[in-house]
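Engineer: If you scroll down you'll find the structure; I have some questions about it.
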Amino acid sequence: MIDLSDFNKHFPKKAIKEYQRGFKSEHKGKQDEAIAHYLDALRIAPDYYPAHNNVGSLYLSRRDFKAAEEQFQMAARLDHDDPQSYFNLGNLYLQT
(Lines give C-alpha, C1' and ligand atoms only; values in the text may rest on other atoms or scores of the structure.)
Protein backbone atom coordinates (compact mmCIF):
# COMPACT_ATOMS: atom_id res chain seq x y z
CA MET A 1 0.00 0.00 0.00
CA ILE A 2 1.09 3.54 -0.73
CA ASP A 3 0.45 6.36 1.71
CA LEU A 4 -0.86 9.02 -0.67
CA SER A 5 0.13 11.87 1.63
CA ASP A 6 3.78 10.75 1.49
CA PHE A 7 3.56 10.05 -2.22
CA ASN A 8 2.12 13.48 -3.02
CA LYS A 9 4.91 15.26 -1.14
CA HIS A 10 7.21 14.49 -4.06
CA PHE A 11 5.22 16.46 -6.62
CA PRO A 12 4.04 20.10 -6.87
CA LYS A 13 0.54 20.81 -5.59
CA LYS A 14 -0.52 22.20 -8.96
CA ALA A 15 0.44 18.95 -10.67
CA ILE A 16 -1.48 16.94 -8.08
CA LYS A 17 -4.58 19.10 -8.57
CA GLU A 18 -4.41 18.65 -12.35
CA TYR A 19 -3.98 14.90 -11.89
CA GLN A 20 -7.01 14.78 -9.59
CA ARG A 21 -9.06 16.76 -12.11
CA GLY A 22 -8.00 14.31 -14.80
CA PHE A 23 -8.95 11.36 -12.62
CA LYS A 24 -12.41 12.83 -11.96
CA SER A 25 -12.95 13.61 -15.64
CA GLU A 26 -11.87 10.11 -16.62
CA HIS A 27 -14.36 8.54 -14.24
CA LYS A 28 -17.11 10.77 -15.63
CA GLY A 29 -16.31 9.44 -19.11
CA LYS A 30 -14.83 12.72 -20.34
CA GLN A 31 -11.69 11.33 -21.96
CA ASP A 32 -10.60 14.46 -23.85
CA GLU A 33 -10.88 16.52 -20.69
CA ALA A 34 -9.03 13.88 -18.66
CA ILE A 35 -6.18 13.73 -21.18
CA ALA A 36 -5.85 17.51 -21.09
CA HIS A 37 -5.63 17.53 -17.28
CA TYR A 38 -3.09 14.69 -17.18
CA LEU A 39 -0.96 16.44 -19.80
CA ASP A 40 -1.18 19.67 -17.80
CA ALA A 41 0.03 17.75 -14.73
CA LEU A 42 2.94 16.43 -16.80
CA ARG A 43 3.83 19.90 -18.06
CA ILE A 44 4.13 20.99 -14.43
CA ALA A 45 5.88 17.82 -13.23
CA PRO A 46 7.28 15.73 -16.10
CA ASP A 47 8.32 12.98 -13.69
CA TYR A 48 4.78 12.47 -12.32
CA TYR A 49 4.63 8.84 -13.41
CA PRO A 50 1.01 8.11 -12.34
CA ALA A 51 -0.12 10.71 -14.87
CA HIS A 52 1.96 8.96 -17.54
CA ASN A 53 0.20 5.68 -16.73
CA ASN A 54 -3.26 7.20 -16.77
CA VAL A 55 -2.87 9.17 -19.98
CA GLY A 56 -1.29 6.09 -21.55
CA SER A 57 -4.35 4.06 -20.61
CA LEU A 58 -6.60 6.62 -22.24
CA TYR A 59 -4.48 6.55 -25.39
CA LEU A 60 -4.65 2.77 -25.36
CA SER A 61 -8.44 2.87 -25.16
CA ARG A 62 -8.36 5.07 -28.28
CA ARG A 63 -6.04 2.59 -29.99
CA ASP A 64 -3.28 5.19 -30.22
CA PHE A 65 -0.70 2.52 -29.54
CA LYS A 66 2.41 4.60 -30.18
CA ALA A 67 1.39 7.36 -27.77
CA ALA A 68 0.31 4.80 -25.17
CA GLU A 69 3.62 2.96 -25.42
CA GLU A 70 5.58 6.18 -24.97
CA GLN A 71 3.63 7.01 -21.82
CA PHE A 72 3.96 3.54 -20.30
CA GLN A 73 7.68 3.37 -21.07
CA MET A 74 8.21 6.76 -19.46
CA ALA A 75 6.34 5.66 -16.34
CA ALA A 76 8.49 2.51 -16.14
CA ARG A 77 11.68 4.57 -16.54
CA LEU A 78 10.62 6.99 -13.82
CA ASP A 79 9.66 4.31 -11.31
CA HIS A 80 11.19 0.90 -11.91
CA ASP A 81 9.21 -0.54 -8.98
CA ASP A 82 5.77 0.44 -10.30
CA PRO A 83 4.13 -2.78 -11.51
CA GLN A 84 1.25 -0.90 -13.18
CA SER A 85 3.43 0.46 -15.97
CA TYR A 86 4.78 -3.01 -16.78
CA PHE A 87 1.29 -4.48 -16.71
CA ASN A 88 0.11 -1.71 -19.04
CA LEU A 89 3.01 -2.32 -21.43
CA GLY A 90 2.24 -6.05 -21.47
CA ASN A 91 -1.41 -5.33 -22.21
CA LEU A 92 -0.41 -2.96 -25.01
CA TYR A 93 1.91 -5.55 -26.57
CA LEU A 94 -0.80 -8.20 -26.40
CA GLN A 95 -3.18 -5.88 -28.24
CA THR A 96 -0.68 -5.05 -30.95
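By convention in this document, the chains of the C-alpha coordinates carry letters A, B, ... by their order, each chain's residues are numbered from 1, and ligands are numbered from 1 in the order they are shown.
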I want to know what sits within 9 Å of A:Asn54, based on only C-alpha atoms, with residues of the same chain fewer than 2 positions away left out; could you give that as a list in words?

Structural biologist: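 Surrounding residues, per the criterion: Gly22, Phe23, Ile35, Tyr38, Tyr49, Pro50, Ala51, His52, Gly56, Ser57, Leu58, Tyr59, Gln71 and Phe72 of chain A.
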
Engineer: Write out as a PyMOL selection string the residues lying within 12 Å of stretch 61-69 of chain A, counting only C-alpha atoms and excluding same-chain residues fewer than 4 positions away.

Structural biologist: chain A and resi 26+29+31-32+35+51-57+73-76+85-96

Engineer: So how many Å separate atom CA of A:Glu18 and atom CA of A:His80, to one decimal?

Structural biologist: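 One can read the atom CA of A:Glu18 to atom CA of A:His80 distance as 23.6 Å.
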
Engineer: Looking only at the backbone, which of the residues in stretch 19-91 of chain A does DSSP tag as helix (DSSP H, G or I), as an MDAnalysis selection string?

Structural biologist: chainID A and resid 19:27 31:44 49:61 65:78 83:91

Engineer: In Å, how far is it from atom CA of A:Leu60 to atom CA of A:Asp47?

Structural biologist: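 Interatomic distance, atom CA of A:Leu60 to atom CA of A:Asp47: 20.2 Å.
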
Engineer: Could you give me, as a count of residues only, the residues within 9 Å of A:Ile44, counting only C-alpha atoms and dropping anything in the same chain fewer than 5 positions from it?

Structural biologist: 4
